[in-house]
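Everything below belongs to coords.csv, which stores CSV, C-alpha atoms and all ligand atoms.
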chain,number,residue,atom,x,y,z
A,54,MET,CA,-9.7,8.0,-17.9
A,55,SER,CA,-6.2,9.3,-18.0
A,56,GLU,CA,-3.1,7.5,-16.7
A,57,LEU,CA,-1.5,8.9,-13.6
A,58,LEU,CA,1.1,6.3,-12.7
A,59,THR,CA,2.8,3.6,-14.8
A,60,VAL,CA,5.2,1.2,-13.1
A,61,ASP,CA,7.0,-1.0,-15.6
A,62,GLY,CA,9.3,-3.9,-14.7
A,63,LEU,CA,10.2,-2.3,-11.3
A,64,SER,CA,12.7,-4.3,-9.2
A,65,VAL,CA,14.3,-3.3,-5.9
A,66,GLN,CA,17.4,-4.9,-4.4
A,67,PHE,CA,19.1,-4.2,-1.0
A,68,ALA,CA,22.8,-4.7,-0.4
A,69,THR,CA,22.9,-6.7,2.9
A,70,PRO,CA,25.6,-8.5,4.8
A,71,ARG,CA,24.0,-11.8,3.6
A,72,GLY,CA,24.2,-10.7,0.0
A,73,ASN,CA,21.7,-9.1,-2.4
A,74,LEU,CA,18.2,-9.1,-1.1
A,75,ARG,CA,15.5,-9.0,-3.8
A,76,ALA,CA,12.5,-7.2,-2.2
A,77,VAL,CA,10.6,-6.3,-5.3
A,78,ARG,CA,10.8,-8.3,-8.5
A,79,ASP,CA,9.7,-7.1,-11.9
A,80,VAL,CA,6.5,-5.4,-10.9
A,81,SER,CA,4.2,-3.6,-13.4
A,82,ILE,CA,1.1,-1.7,-12.5
A,83,THR,CA,-0.9,1.2,-13.9
A,84,LEU,CA,-3.2,3.6,-12.1
A,85,ASN,CA,-5.6,6.1,-13.6
A,86,LYS,CA,-6.6,9.4,-12.0
A,87,GLY,CA,-9.0,8.8,-9.1
A,88,GLU,CA,-8.5,5.0,-9.2
A,89,SER,CA,-7.7,2.9,-6.2
A,90,LEU,CA,-5.4,-0.1,-6.1
A,91,GLY,CA,-5.1,-2.6,-3.2
A,92,VAL,CA,-1.7,-4.2,-2.7
A,93,VAL,CA,-2.1,-7.3,-0.6
A,94,GLY,CA,0.2,-9.9,0.7
A,95,GLU,CA,1.7,-11.5,3.8
A,96,SER,CA,4.3,-9.8,6.0
A,97,GLY,CA,7.6,-9.5,4.1
A,98,SER,CA,6.1,-9.8,0.6
A,99,GLY,CA,7.4,-6.4,-0.5
A,100,LYS,CA,4.3,-4.1,-0.2
A,101,THR,CA,6.0,-1.3,1.7
A,102,VAL,CA,9.2,-1.5,-0.3
A,103,LEU,CA,7.1,-1.3,-3.5
A,104,SER,CA,5.3,1.8,-2.3
A,105,ARG,CA,8.5,3.5,-1.1
A,106,ALA,CA,10.3,2.6,-4.3
A,107,ILE,CA,7.5,4.4,-6.3
A,108,MET,CA,7.8,7.4,-4.1
A,109,GLY,CA,11.6,7.4,-4.1
A,110,LEU,CA,11.8,6.9,-0.3
A,111,LEU,CA,14.3,4.1,0.0
A,112,PRO,CA,17.6,4.0,1.9
A,113,SER,CA,20.9,4.3,0.0
A,114,THR,CA,21.5,0.5,0.2
A,115,ALA,CA,18.6,0.1,-2.2
A,116,THR,CA,18.9,-0.1,-6.0
A,117,ARG,CA,15.9,0.3,-8.2
A,118,THR,CA,15.6,-0.8,-11.9
A,119,GLY,CA,12.8,-0.5,-14.3
A,120,SER,CA,10.6,2.5,-14.8
A,121,VAL,CA,8.1,4.6,-12.7
A,122,VAL,CA,6.3,7.3,-14.7
A,123,PHE,CA,4.2,9.7,-12.7
A,124,LYS,CA,2.3,12.4,-14.5
A,125,ASP,CA,4.4,11.8,-17.6
A,126,GLN,CA,7.6,12.1,-15.8
A,127,GLU,CA,10.2,9.3,-15.3
A,128,LEU,CA,11.0,9.2,-11.6
A,129,LEU,CA,13.8,6.7,-11.5
A,130,THR,CA,16.2,9.0,-13.3
A,131,ALA,CA,14.7,12.3,-12.1
A,132,ALA,CA,16.9,14.6,-10.0
A,133,PRO,CA,16.3,14.2,-6.2
A,134,ASP,CA,15.0,17.7,-5.8
A,135,VAL,CA,12.4,17.1,-8.6
A,136,VAL,CA,11.2,14.0,-6.7
A,137,ARG,CA,11.2,15.8,-3.4
A,138,GLU,CA,9.0,18.5,-4.9
A,139,LEU,CA,6.3,15.9,-5.4
A,140,TRP,CA,6.3,14.6,-1.8
A,141,GLY,CA,3.3,15.8,0.2
A,142,ILE,CA,2.0,17.8,-2.7
A,143,ASP,CA,1.5,15.4,-5.6
A,144,MET,CA,2.0,12.2,-3.7
A,145,ALA,CA,1.5,11.6,0.0
A,146,MET,CA,1.8,8.7,2.3
A,147,ILE,CA,0.0,7.5,5.5
A,148,PHE,CA,2.1,5.3,7.6
A,149,GLN,CA,1.2,2.2,9.6
A,150,ASP,CA,1.8,3.6,13.1
A,151,PRO,CA,0.3,7.1,13.7
A,152,MET,CA,2.0,7.3,17.1
A,153,THR,CA,5.5,7.3,15.7
A,154,ALA,CA,4.6,9.2,12.6
A,155,LEU,CA,3.3,12.2,14.5
A,156,ASN,CA,5.8,14.4,16.5
A,157,PRO,CA,4.9,13.8,20.2
A,158,VAL,CA,6.1,17.2,21.4
A,159,ARG,CA,4.4,19.4,18.8
A,160,ARG,CA,0.8,20.5,18.8
A,161,ILE,CA,-1.6,19.0,16.2
A,162,GLY,CA,-2.1,22.5,14.8
A,163,THR,CA,1.6,23.0,14.1
A,164,GLN,CA,1.8,19.6,12.4
A,165,VAL,CA,-1.3,20.1,10.2
A,166,THR,CA,-0.3,23.6,9.1
A,167,GLU,CA,3.4,22.9,8.5
A,168,SER,CA,3.2,21.8,4.9
A,169,LEU,CA,0.6,24.4,4.1
A,170,ILE,CA,3.0,27.1,5.3
A,171,VAL,CA,6.3,25.6,4.1
A,172,ARG,CA,5.1,23.9,0.8
A,173,LEU,CA,2.2,26.0,-0.3
A,174,GLY,CA,3.5,29.3,1.0
A,175,MET,CA,0.3,30.2,3.0
A,176,ASP,CA,0.6,32.7,5.9
A,177,LYS,CA,-0.2,31.4,9.4
A,178,LYS,CA,-3.7,32.7,9.5
A,179,ALA,CA,-4.7,31.2,6.2
A,180,ALA,CA,-3.0,27.9,7.1
A,181,LYS,CA,-4.9,27.8,10.4
A,182,ALA,CA,-8.2,28.4,8.6
A,183,LYS,CA,-7.4,25.7,6.0
A,184,ALA,CA,-6.4,23.3,8.8
A,185,VAL,CA,-9.8,23.7,10.5
A,186,GLU,CA,-11.4,23.1,7.2
A,187,ILE,CA,-9.3,19.9,6.6
A,188,LEU,CA,-10.1,18.6,10.1
A,189,LYS,CA,-13.8,19.1,9.4
A,190,ARG,CA,-13.3,17.1,6.2
A,191,VAL,CA,-11.9,14.2,8.1
A,192,ARG,CA,-14.8,14.4,10.6
A,193,ILE,CA,-13.0,15.6,13.6
A,194,PRO,CA,-15.3,17.2,16.2
A,195,ASP,CA,-14.3,20.6,17.6
A,196,PRO,CA,-11.5,21.2,15.0
A,197,GLU,CA,-10.3,24.5,16.7
A,198,GLY,CA,-9.8,22.6,20.0
A,199,MET,CA,-8.0,19.8,18.3
A,200,LEU,CA,-5.4,22.2,16.9
A,201,ARG,CA,-4.2,22.9,20.4
A,202,LYS,CA,-3.8,19.3,21.5
A,203,PHE,CA,-0.8,17.0,21.6
A,204,PRO,CA,-0.8,13.5,20.0
A,205,TYR,CA,-0.8,11.7,23.4
A,206,GLN,CA,-4.2,13.2,24.2
A,207,LEU,CA,-5.8,11.4,21.2
A,208,SER,CA,-7.2,7.9,20.7
A,209,GLY,CA,-5.6,5.7,18.0
A,210,GLY,CA,-8.5,6.4,15.6
A,211,MET,CA,-8.2,10.2,16.1
A,212,ARG,CA,-4.5,10.1,15.5
A,213,GLN,CA,-5.0,8.2,12.3
A,214,ARG,CA,-7.5,10.8,11.2
A,215,ILE,CA,-4.9,13.5,11.9
A,216,MET,CA,-2.4,11.6,9.8
A,217,ILE,CA,-4.9,11.4,7.0
A,218,ALA,CA,-5.6,15.1,7.4
A,219,ILE,CA,-1.9,15.9,7.0
A,220,ALA,CA,-1.6,13.6,4.1
A,221,VAL,CA,-4.5,15.1,2.1
A,222,SER,CA,-3.9,18.7,3.2
A,223,CYS,CA,-2.1,19.7,0.0
A,224,GLU,CA,-4.6,17.7,-2.1
A,225,PRO,CA,-2.3,15.1,-3.5
A,226,GLN,CA,-3.3,13.2,-6.7
A,227,LEU,CA,-1.9,10.0,-5.3
A,228,LEU,CA,-2.2,8.8,-1.7
A,229,PHE,CA,-0.3,5.8,-0.4
A,230,ALA,CA,-2.0,4.3,2.7
A,231,ASP,CA,0.3,1.6,4.1
A,232,GLU,CA,-1.7,-0.6,6.5
A,233,PRO,CA,-3.6,2.5,7.7
A,234,THR,CA,-5.9,0.5,10.0
A,235,THR,CA,-4.0,-2.4,11.5
A,236,ALA,CA,-3.4,-0.6,14.8
A,237,LEU,CA,-7.1,0.1,15.2
A,238,ASP,CA,-10.1,-1.9,16.4
A,239,VAL,CA,-12.6,-3.2,13.8
A,240,THR,CA,-15.2,-0.5,14.1
A,241,VAL,CA,-12.7,2.3,13.9
A,242,GLN,CA,-10.9,0.5,11.0
A,243,ALA,CA,-14.2,0.5,9.0
A,244,GLN,CA,-14.7,4.2,9.7
A,245,VAL,CA,-11.2,5.1,8.6
A,246,LEU,CA,-11.5,3.1,5.4
A,247,GLU,CA,-14.9,4.7,4.7
A,248,LEU,CA,-13.3,8.2,5.2
A,249,LEU,CA,-10.4,7.4,2.8
A,250,THR,CA,-12.9,6.3,0.2
A,251,GLU,CA,-15.0,9.4,0.6
A,252,LEU,CA,-12.0,11.7,0.4
A,253,ARG,CA,-10.9,9.9,-2.7
A,254,ARG,CA,-14.2,10.3,-4.4
A,255,GLU,CA,-14.6,14.0,-3.4
A,256,SER,CA,-11.3,15.0,-4.9
A,257,ASN,CA,-10.7,12.4,-7.5
A,258,MET,CA,-7.5,11.3,-5.7
A,259,ALA,CA,-5.9,8.0,-6.7
A,260,MET,CA,-5.0,5.7,-3.8
A,261,ILE,CA,-2.7,2.7,-3.2
A,262,LEU,CA,-4.0,0.9,-0.2
A,263,VAL,CA,-1.4,-1.5,1.3
A,264,THR,CA,-2.6,-4.3,3.6
A,265,HIS,CA,-2.2,-8.0,4.4
A,266,ASP,CA,-6.0,-8.3,4.7
A,267,LEU,CA,-7.9,-9.1,1.5
A,268,GLY,CA,-11.1,-8.2,3.5
A,269,VAL,CA,-9.9,-4.6,3.9
A,270,VAL,CA,-9.5,-3.9,0.2
A,271,ALA,CA,-12.7,-5.7,-0.9
A,272,GLY,CA,-15.0,-2.8,-0.7
A,273,HIS,CA,-12.5,0.1,-1.1
A,274,THR,CA,-10.5,-0.6,-4.2
A,275,ASP,CA,-11.1,-0.8,-8.0
A,276,LYS,CA,-8.4,-3.3,-8.5
A,277,ILE,CA,-6.1,-5.6,-6.5
A,278,ALA,CA,-2.4,-6.6,-6.9
A,279,VAL,CA,-1.6,-9.7,-4.8
A,280,MET,CA,2.1,-9.8,-3.9
A,281,TYR,CA,4.2,-12.8,-3.0
A,282,ALA,CA,8.0,-12.8,-2.6
A,283,GLY,CA,8.3,-9.4,-4.2
A,284,ASN,CA,6.3,-10.4,-7.3
A,285,ILE,CA,2.8,-9.6,-8.3
A,286,VAL,CA,1.2,-13.1,-8.6
A,287,GLU,CA,-2.4,-12.0,-9.3
A,288,TYR,CA,-3.7,-8.7,-10.6
A,289,ALA,CA,-7.3,-8.1,-11.4
A,290,PRO,CA,-10.3,-5.7,-11.1
A,291,THR,CA,-11.6,-6.2,-7.5
A,292,ARG,CA,-14.9,-7.8,-8.4
A,293,GLN,CA,-13.3,-10.1,-11.0
A,294,LEU,CA,-10.7,-11.2,-8.4
A,295,PHE,CA,-13.3,-12.2,-5.8
A,296,SER,CA,-15.6,-13.9,-8.3
A,297,ASN,CA,-12.9,-15.8,-10.2
A,298,MET,CA,-9.8,-16.2,-8.1
A,299,LYS,CA,-7.0,-17.9,-9.9
A,300,MET,CA,-4.1,-18.2,-7.5
A,301,PRO,CA,-4.0,-20.8,-4.7
A,302,TYR,CA,-2.0,-18.2,-2.8
A,303,THR,CA,-4.8,-15.6,-3.1
A,304,GLU,CA,-7.3,-18.2,-2.0
A,305,ALA,CA,-5.2,-19.1,1.1
A,306,LEU,CA,-5.0,-15.4,2.0
A,307,LEU,CA,-8.8,-15.1,1.7
A,308,LYS,CA,-9.3,-18.0,4.0
A,309,SER,CA,-7.1,-16.4,6.6
A,310,ILE,CA,-9.5,-13.3,7.0
A,311,PRO,CA,-11.4,-13.1,10.2
A,312,ARG,CA,-15.1,-12.7,9.6
A,313,LEU,CA,-17.6,-10.8,11.7
A,314,GLU,CA,-19.4,-14.0,12.6
A,315,THR,CA,-16.2,-15.7,13.6
A,316,PRO,CA,-16.3,-16.1,17.4
A,317,THR,CA,-13.5,-14.3,19.2
A,318,GLY,CA,-10.7,-16.6,20.1
A,319,THR,CA,-11.2,-18.8,17.0
A,320,ARG,CA,-7.9,-19.8,15.4
A,321,LEU,CA,-7.9,-18.8,11.8
A,322,PRO,CA,-6.1,-21.0,9.3
A,323,VAL,CA,-2.7,-19.4,8.6
A,324,ILE,CA,-0.8,-20.3,5.5
A,325,GLU,CA,1.7,-22.9,6.6
A,326,GLY,CA,5.3,-22.5,5.7
A,327,ARG,CA,7.3,-19.3,5.0
A,328,LEU,CA,8.2,-17.0,2.2
A,329,PRO,CA,11.4,-18.1,0.4
A,330,ASP,CA,14.7,-16.6,1.4
A,331,PRO,CA,14.8,-13.2,-0.5
A,332,THR,CA,18.6,-13.5,-0.8
A,333,LYS,CA,18.4,-16.7,-2.8
A,334,GLU,CA,17.6,-17.2,-6.5
A,335,LEU,CA,14.1,-18.4,-7.0
A,336,VAL,CA,13.6,-21.7,-8.9
A,337,GLY,CA,10.1,-22.5,-10.1
A,338,CYS,CA,7.0,-20.9,-8.5
A,339,ALA,CA,7.9,-19.1,-5.3
A,340,PHE,CA,4.7,-20.5,-3.6
A,341,ALA,CA,5.2,-24.1,-4.7
A,342,ASN,CA,6.5,-25.5,-1.4
A,343,ARG,CA,3.4,-24.2,0.4
A,344,CYS,CA,0.8,-24.8,-2.2
A,345,ALA,CA,-1.7,-27.6,-1.9
A,346,TYR,CA,-1.9,-28.1,-5.7
A,347,ALA,CA,1.9,-27.9,-6.6
A,348,THR,CA,3.5,-30.5,-8.9
A,349,ASP,CA,7.1,-31.1,-10.0
A,350,LYS,CA,6.6,-28.6,-12.8
A,351,CYS,CA,5.8,-25.9,-10.2
A,352,ARG,CA,9.0,-26.6,-8.3
A,353,THR,CA,11.2,-26.4,-11.4
A,354,GLU,CA,9.7,-24.0,-13.9
A,355,THR,CA,8.8,-20.4,-13.2
A,356,PRO,CA,5.2,-19.6,-14.2
A,357,PRO,CA,4.9,-16.6,-16.5
A,358,LEU,CA,2.4,-13.8,-16.0
A,359,THR,CA,-0.7,-15.2,-17.8
A,360,ASP,CA,-3.3,-12.9,-19.3
A,361,GLY,CA,-6.6,-14.6,-18.4
A,362,GLY,CA,-8.8,-11.9,-20.1
A,363,ASN,CA,-11.0,-9.3,-18.4
A,364,ASN,CA,-7.8,-7.5,-17.2
A,365,HIS,CA,-7.1,-10.5,-15.0
A,366,TYR,CA,-3.4,-11.7,-14.8
A,367,TYR,CA,-1.9,-14.5,-12.7
A,368,ARG,CA,1.3,-16.5,-12.3
A,369,CYS,CA,0.3,-20.1,-11.9
A,370,TRP,CA,0.7,-23.3,-13.9
A,371,PHE,CA,-2.6,-24.8,-12.5
A,372,PRO,CA,-5.0,-21.9,-11.8
A,373,ILE,CA,-8.1,-22.6,-9.8
A,374,GLY,CA,-11.0,-23.4,-12.1
A,375,GLY,CA,-8.7,-23.8,-15.1
A,376,ALA,CA,-7.2,-21.2,-17.4
A,377,ASN,CA,-10.3,-19.1,-17.7
B,401,LIG,N1,16.0,-1.3,4.4
B,401,LIG,C1,16.0,-2.6,4.2
B,401,LIG,N2,17.1,-3.3,4.0
B,401,LIG,C2,17.2,-4.6,3.7
B,401,LIG,N3,16.1,-5.3,3.5
B,401,LIG,C3,14.9,-4.7,3.6
B,401,LIG,C4,14.8,-3.3,4.0
B,401,LIG,N4,13.4,-3.0,4.0
B,401,LIG,C5,12.8,-4.1,3.7
B,401,LIG,N5,13.6,-5.2,3.5
B,401,LIG,C6,13.2,-6.5,3.1
B,401,LIG,O1,12.4,-6.5,2.0
B,401,LIG,C7,11.4,-7.5,2.0
B,401,LIG,C8,10.1,-6.8,1.8
B,401,LIG,O2,9.8,-6.0,2.9
B,401,LIG,P1,8.5,-5.1,3.1
B,401,LIG,O3,8.7,-4.2,4.3
B,401,LIG,O4,8.2,-4.4,1.8
B,401,LIG,O5,7.3,-6.1,3.4
B,401,LIG,P2,5.8,-5.9,3.6
B,401,LIG,O6,5.0,-6.6,2.6
B,401,LIG,O7,5.5,-4.4,3.7
B,401,LIG,O8,5.6,-6.5,5.1
B,401,LIG,P3,4.6,-6.0,6.3
B,401,LIG,O9,3.3,-6.6,6.0
B,401,LIG,O10,5.2,-6.8,7.5
B,401,LIG,O11,4.7,-4.6,6.4
B,401,LIG,C9,11.6,-8.2,3.3
B,401,LIG,O12,12.4,-9.4,3.1
B,401,LIG,C10,12.4,-7.2,4.2
B,401,LIG,O13,13.1,-7.9,5.1
B,402,MG,MG,4.9,-3.1,5.2
Do you think you could lay out the structure here as structure tokens?
Amino acid sequence: MSELLTVDGLSVQFATPRGNLRAVRDVSITLNKGESLGVVGESGSGKTVLSRAIMGLLPSTATRTGSVVFKDQELLTAAPDVVRELWGIDMAMIFQDPMTALNPVRRIGTQVTESLIVRLGMDKKAAKAKAVEILKRVRIPDPEGMLRKFPYQLSGGMRQRIMIAIAVSCEPQLLFADEPTTALDVTVQAQVLELLTELRRESNMAMILVTHDLGVVAGHTDKIAVMYAGNIVEYAPTRQLFSNMKMPYTEALLKSIPRLETPTGTRLPVIEGRLPDPTKELVGCAFANRCAYATDKCRTETPPLTDGGNNHYYRCWFPIGGAN
């Protein structure tokens, strides 16, 4: 397998009125062609900022340090137009809310054909034919009819399929899917994830699937990065992570997943406490004040990234089940 993306020691800070906000801290990941990575963590842990930092889609108040190499090219120092060339063509992104991401006053057909015409230089007729083909690929019934519709005429699931169609239209090698299913009901969620996995396999596309739900990534990723306070705190092949979880934080996330057999209305255990203030320096383990197993050592000494073997890494002084 060949490497597509190598992120090394990536950090992101925002200049804010309250001081420097550290949203991503020293993150390193690698992704091979066709591979899929789940990025999981609570709200505010830095998942979206990490994805946007890799793509170069951050506001001017952000500073990135470290390295992002995509297809053998360093992106952190690349000229803005070189990076812009990659958007939509080599790397594409699906956003959380398809209602705001689609233009409400333009027909679906215009929106799906746009990058085919502008970016790939197709003429209108060829772009339309290609759009129909893409809509078929994302299992949209009556694709020709769909091209004439407006976003408000579609259900949430259909809008998300259109977003996926637009994202994969130029056959990107890397797709970011940021919480692609949170706005959808459970059955539609499952269908959308199944579709993403199928598309990925068909075209050997790599994917970074961002979610707060460990259950979502379980069946749809090759490996998982668990984020907490901007840091990757556990990183392992998916099967390995579920069979030999090391971080108390990951365990707590897993316990907060609703299950099919959970009766509606049941209150799920949420992880008590909050993320540390991102504008303050961290001392010790960032999760210590919320962790059932924390000791004084955890509160004062920062745990290093430990290599547990089997490509399994974690940051914890007292991993579940011991060091291996
Ligand atoms: N433009 C910005 N300016 C300042 N701070 C920001 C900006 N965008 C994000 N942040 C901060 O960076 C941190 C990480 O945010 P991020 O949006 O990546 O979290 P997330 O894990 O994607 O959360 P969610 O699950 O809610 O989408 C948060 O503390 C957030 O407030
Ligand atoms: Mg987010």
* To do: Report the distance between CA of Gln66 in chain A and CA of Thr118 in chain A in Å, rounded to one decimal place.
  =>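 Rounded to one decimal, the two atoms are 8.7 Å apart.
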Write out, as CSV, each residue of chain A that has an atom at most 6 Å from ligand LIG 401 (chain B), together with the closest pair of atoms and their distance in Å to one decimal, counting only C-alpha atoms and all ligand atoms, rows going by chain and rising number.
residue,atom,partner,partner_atom,distance
A:Phe67,CA,B:LIG401,C2,5.1
A:Ala76,CA,B:LIG401,O1,4.3
A:Glu95,CA,B:LIG401,O9,5.6
A:Ser96,CA,B:LIG401,O9,3.4
A:Gly97,CA,B:LIG401,O5,3.5
A:Ser98,CA,B:LIG401,O6,3.9
A:Gly99,CA,B:LIG401,O4,3.2
A:Lys100,CA,B:LIG401,O6,3.8
A:Thr101,CA,B:LIG401,O7,3.7
A:Val102,CA,B:LIG401,O4,3.7
A:His265,CA,B:LIG401,O9,5.9
A:Pro331,CA,B:LIG401,O12,5.8
* To do: Give the answer as one residue: which of A:Cys369, A:Met108, A:Ala115, A:Val165 has the shortest atom-to-atom distance to Ala131 in chain A, using all atoms listed in the file?
  =>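 Of A:Cys369, A:Met108, A:Ala115, A:Val165, the one nearest Ala131 in chain A is A:Met108, counting all atoms listed in the file.
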* Contacts of Val269 in chain A at 10 Å or less, counting only C-alpha atoms, minus same-chain residues fewer than 3 places along, as a PyMOL selection string? -> chain A and resi 91+93+232+234-235+242-243+246+262-266+272-274+310
* With distances taken over only C-alpha atoms, which of A:Leu57, A:Ala106, A:Arg160, A:Lys178 is nearest to Lys124 in chain A? ->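 Comparing A:Leu57, A:Ala106, A:Arg160, A:Lys178 against Lys124 in chain A, the winner is A:Leu57.
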* **Shell around Ala271 in chain A at 9 Å using only C-alpha atoms, local window under 4 positions removed, as a ChimeraX atom specification** => /A:91,267,275,277,291-292,295
* To do: Considering all atoms listed in the file, return as a PyMOL selection string whatever protein or nucleic-acid residues lie within 10 Å of Ser104 in chain A, sequence-local ones (same chain, fewer than 6 positions apart) excluded.
  => chain A and resi 92+110-111+146+229-231+261-263
